[in-house]
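Comments concern the structure below.
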Amino acid sequence: QHVAEGPATAEKQVKLTLATKAQQVMPSFDIVKDARNQVVEQVTKSKLATTALATAESNNQQAQASLTAETNRQQQRDDATKACSTLEGLRDTVSQLNESETAWHKAKNASVSSKQAFDKVELALKQNQEHREKLAQQITETNVVAAKFDILNMRKTQLASIKKILGEVAEAQTQMKLCASSEAVAKSKAELAKVAWDKSIEGKRNLDKIWRQGQAFVLAKHLDNGSPCPVFGSHEHPHPAQDKIDIPSDDDLVLAEQAIKAAGQAFETARAAFELAVQNHVAQKTTFELAQTSLSQFDAEDVQQIDIRITENQQQLAAATAAQTLLVTIKGQLETETTQFKALSDALNISRSEADTSRTQEASTLATYQERLK
């Protein structure tokens, strides 16, 4: 019986040893330890009784089953521990991944914002450039009109000269007609004064003749034959004056002399007036001819249509003046736009640099995110 029990006991002893080791591995092996003690007791008792050995064998099998189950649970615990470790690693990885994703989205948003800012500045710069080109075109077009200002101003002076000379011609022509009329009147008056003067002279001559005849009659009345003639000294008087006439008095002669003098003065005055009228007429004619000569240096159509030309010049000059004013305004606007263009150019360079930096950061954070995602 002891020989038969030897191998079985030895085998149980090995299993008991394994159970003991299993008990050492896990604190929960207390149950196994109790079972082992029971087995020991049963083994000890198995020497005394087969029933006790069978009980011990049963207990040993139960202990073995418990050990196996506990071993399996240990594996599960190890797997769980590994899973927890893996989960912790995954948690860190997910956290880093979330950080990378957040950083990537932040960099992406920053890149989009930078791109939008760049596009906005670029659009403003383009609009500024287009506006500057329009202003430059307006300056070119306005310059064409404004450049005519000096020429139109000279033209205005020229037309004013023509207008003035035309006025002088018209005035000289009017005055020339007046002078011709005055000359004719003065000539007529001079001729009448000359006739009156000649008549007064002729009247004085007649009075003188009558007076002399009257004196001869007076002398004849007092002549005696044989007495000497007071005029010729002859002592014979064959033909004494016989006609009896009214002898003019000394006052009549004086009045006749005064009439001659007055008529002569009137004639001289009329003649001087006539000569002055002639001179004035000649002077006005000369003025008229000079004015006509001055007009000949100008364009005939300008002279003929002076009022139309002046109106056209005034309209063109007004347009040129307005163009000059507009030109100053446009140049001021262009200067402002140029200053803004320089500022926008600098801002565009800064925006481009920021956009490039943002794209680089976006690419870097995306690469990090994708690497961590793998």
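By convention in this document, the chains of the structure tokens carry letters A, B, ... by their order, each chain's residues are numbered from 1, and ligands are numbered from 1 in the order they are shown.
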Which polymer residues have any atom within 10 Å of an atom of Ala186 in chain A, counting only C-alpha atoms, with same-chain residues fewer than 2 positions away left out, as a ChimeraX atom specification?
/A:179-184,188-192,269-278
Can I get the selection written as a short mmCIF file (atom, residue, chain, number, x, y, z; two decimals), in the first residue's frame, with all heavy atoms?
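Output saved as again.cif:
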data_model
loop_
_atom_site.label_atom_id
_atom_site.label_comp_id
_atom_site.auth_asym_id
_atom_site.auth_seq_id
_atom_site.Cartn_x
_atom_site.Cartn_y
_atom_site.Cartn_z
N CYS A 179 -16.69 165.26 -89.38
CA CYS A 179 -15.71 166.27 -89.83
C CYS A 179 -15.98 166.69 -91.27
O CYS A 179 -15.81 167.87 -91.64
CB CYS A 179 -14.29 165.71 -89.70
SG CYS A 179 -13.72 165.60 -87.99
N ALA A 180 -16.37 165.72 -92.11
CA ALA A 180 -16.69 166.07 -93.50
C ALA A 180 -17.88 167.02 -93.53
O ALA A 180 -17.90 168.01 -94.31
CB ALA A 180 -16.99 164.80 -94.29
N SER A 181 -18.87 166.72 -92.68
CA SER A 181 -20.03 167.60 -92.61
C SER A 181 -19.64 168.97 -92.07
O SER A 181 -20.04 170.02 -92.62
CB SER A 181 -21.09 166.95 -91.72
OG SER A 181 -22.21 167.80 -91.57
N SER A 182 -18.81 168.95 -91.01
CA SER A 182 -18.35 170.22 -90.43
C SER A 182 -17.51 170.99 -91.44
O SER A 182 -17.60 172.23 -91.53
CB SER A 182 -17.53 169.95 -89.16
OG SER A 182 -18.33 169.32 -88.17
N GLU A 183 -16.70 170.26 -92.21
CA GLU A 183 -15.87 170.90 -93.22
C GLU A 183 -16.74 171.57 -94.28
O GLU A 183 -16.48 172.71 -94.70
CB GLU A 183 -14.96 169.86 -93.87
CG GLU A 183 -14.05 170.45 -94.96
CD GLU A 183 -13.21 169.39 -95.62
OE1 GLU A 183 -13.20 168.23 -95.14
OE2 GLU A 183 -12.56 169.71 -96.64
N ALA A 184 -17.79 170.85 -94.70
CA ALA A 184 -18.68 171.42 -95.70
C ALA A 184 -19.38 172.67 -95.16
O ALA A 184 -19.50 173.69 -95.86
CB ALA A 184 -19.70 170.36 -96.12
N SER A 188 -18.84 176.39 -96.48
CA SER A 188 -19.96 177.23 -96.90
C SER A 188 -19.95 178.57 -96.16
O SER A 188 -20.14 179.63 -96.76
CB SER A 188 -21.28 176.49 -96.64
OG SER A 188 -22.39 177.31 -96.97
N LYS A 189 -19.69 178.49 -94.84
CA LYS A 189 -19.63 179.72 -94.05
C LYS A 189 -18.48 180.61 -94.51
O LYS A 189 -18.61 181.85 -94.58
CB LYS A 189 -19.48 179.39 -92.57
CG LYS A 189 -20.73 178.81 -91.94
CD LYS A 189 -20.51 178.54 -90.47
CE LYS A 189 -21.79 178.00 -89.81
NZ LYS A 189 -21.59 177.73 -88.35
N ALA A 190 -17.35 180.00 -94.80
CA ALA A 190 -16.19 180.78 -95.26
C ALA A 190 -16.50 181.46 -96.60
O ALA A 190 -16.13 182.63 -96.83
CB ALA A 190 -14.98 179.88 -95.37
N GLU A 191 -17.15 180.68 -97.47
CA GLU A 191 -17.50 181.26 -98.78
C GLU A 191 -18.48 182.42 -98.60
O GLU A 191 -18.34 183.48 -99.25
CB GLU A 191 -18.09 180.18 -99.67
CG GLU A 191 -17.06 179.14 -100.13
CD GLU A 191 -17.70 178.01 -100.90
OE1 GLU A 191 -18.96 177.92 -100.90
OE2 GLU A 191 -16.95 177.20 -101.51
N LEU A 192 -19.46 182.23 -97.71
CA LEU A 192 -20.42 183.30 -97.45
C LEU A 192 -19.73 184.52 -96.82
O LEU A 192 -20.03 185.68 -97.16
CB LEU A 192 -21.54 182.79 -96.53
CG LEU A 192 -22.49 181.76 -97.15
CD1 LEU A 192 -23.48 181.26 -96.09
CD2 LEU A 192 -23.25 182.37 -98.34
N THR A 269 -12.18 184.30 -89.52
CA THR A 269 -12.66 183.30 -88.56
C THR A 269 -13.27 182.10 -89.28
O THR A 269 -12.99 180.95 -88.93
CB THR A 269 -13.71 183.94 -87.63
OG1 THR A 269 -13.13 185.06 -86.93
CG2 THR A 269 -14.24 182.93 -86.63
N ALA A 270 -14.07 182.36 -90.29
CA ALA A 270 -14.69 181.27 -91.04
C ALA A 270 -13.65 180.46 -91.79
O ALA A 270 -13.72 179.22 -91.87
CB ALA A 270 -15.73 181.84 -92.02
N ARG A 271 -12.64 181.17 -92.33
CA ARG A 271 -11.57 180.46 -93.05
C ARG A 271 -10.77 179.60 -92.11
O ARG A 271 -10.41 178.45 -92.42
CB ARG A 271 -10.66 181.48 -93.75
CG ARG A 271 -9.60 180.85 -94.66
CD ARG A 271 -8.80 181.93 -95.36
NE ARG A 271 -8.07 182.75 -94.39
CZ ARG A 271 -6.90 182.37 -93.82
NH1 ARG A 271 -6.34 181.20 -94.12
NH2 ARG A 271 -6.29 183.17 -92.98
N ALA A 272 -10.45 180.15 -90.90
CA ALA A 272 -9.71 179.38 -89.91
C ALA A 272 -10.51 178.15 -89.47
O ALA A 272 -9.98 177.04 -89.31
CB ALA A 272 -9.36 180.24 -88.70
N ALA A 273 -11.83 178.36 -89.29
CA ALA A 273 -12.69 177.24 -88.91
C ALA A 273 -12.73 176.19 -90.02
O ALA A 273 -12.71 174.98 -89.76
CB ALA A 273 -14.10 177.74 -88.61
N PHE A 274 -12.75 176.68 -91.26
CA PHE A 274 -12.74 175.74 -92.38
C PHE A 274 -11.43 174.96 -92.44
O PHE A 274 -11.43 173.73 -92.63
CB PHE A 274 -12.96 176.51 -93.68
CG PHE A 274 -12.75 175.69 -94.92
CD1 PHE A 274 -13.62 174.64 -95.23
CD2 PHE A 274 -11.66 175.93 -95.76
CE1 PHE A 274 -13.42 173.88 -96.37
CE2 PHE A 274 -11.47 175.14 -96.89
CZ PHE A 274 -12.34 174.12 -97.19
N GLU A 275 -10.32 175.67 -92.27
CA GLU A 275 -9.02 174.99 -92.29
C GLU A 275 -8.91 173.99 -91.15
O GLU A 275 -8.39 172.88 -91.31
CB GLU A 275 -7.90 176.03 -92.19
CG GLU A 275 -7.76 176.89 -93.45
CD GLU A 275 -6.67 177.94 -93.30
OE1 GLU A 275 -6.14 178.06 -92.16
OE2 GLU A 275 -6.34 178.61 -94.30
N LEU A 276 -9.44 174.40 -89.95
CA LEU A 276 -9.44 173.47 -88.82
C LEU A 276 -10.31 172.25 -89.11
O LEU A 276 -9.94 171.11 -88.79
CB LEU A 276 -9.93 174.17 -87.56
CG LEU A 276 -10.00 173.32 -86.28
CD1 LEU A 276 -8.60 172.82 -85.92
CD2 LEU A 276 -10.60 174.14 -85.13
N ALA A 277 -11.46 172.50 -89.75
CA ALA A 277 -12.34 171.39 -90.12
C ALA A 277 -11.65 170.46 -91.10
O ALA A 277 -11.77 169.24 -91.03
CB ALA A 277 -13.64 171.92 -90.69
N VAL A 278 -10.92 171.09 -92.05
CA VAL A 278 -10.17 170.28 -93.02
C VAL A 278 -9.11 169.45 -92.31
O VAL A 278 -8.93 168.26 -92.58
CB VAL A 278 -9.53 171.18 -94.09
CG1 VAL A 278 -8.56 170.38 -94.97
CG2 VAL A 278 -10.60 171.83 -94.96
#
Residues of range 174-341 of chain A classed as helix (DSSP H, G or I) by DSSP on the backbone are to be reported as a ChimeraX atom specification.
/A:174-221,250-295,300-304,306-341
Could you please determine the separation between CA of Phe118 in chain A and CA of Lys342 in chain A in Å, to one decimal place?
15.4 Å
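Straight-line separation from CA of Arg359 in chain A to CA of Ser111 in chain A: 5.5 Å.
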Taking 2 positions as the minimum chain separation for residues in the same chain, which residues sit within 9 Å of Ala196 in chain A when counting only C-alpha atoms? Answer as an NGL selection string.
:A and (191-194 or 198-201 or 260 or 263-264 or 266-267)
Give me a file of those residues, with C-alpha atoms, as a short mmCIF file (atom, residue, chain, number, x, y, z; two decimals), in the first residue's frame.
data_model
loop_
_atom_site.label_atom_id
_atom_site.label_comp_id
_atom_site.auth_asym_id
_atom_site.auth_seq_id
_atom_site.Cartn_x
_atom_site.Cartn_y
_atom_site.Cartn_z
CA GLU A 191 -17.50 181.26 -98.78
CA LEU A 192 -20.42 183.30 -97.45
CA ALA A 193 -18.07 185.32 -95.25
CA LYS A 194 -15.83 185.92 -98.29
CA ASP A 198 -16.08 191.34 -100.86
CA LYS A 199 -19.45 193.08 -100.77
CA SER A 200 -18.36 195.30 -97.89
CA ILE A 201 -15.18 196.20 -99.81
CA ILE A 260 -15.08 195.84 -94.09
CA ALA A 263 -16.47 191.18 -92.59
CA GLY A 264 -12.73 190.54 -92.96
CA ALA A 266 -15.61 187.11 -89.96
CA PHE A 267 -14.05 185.75 -93.11
#
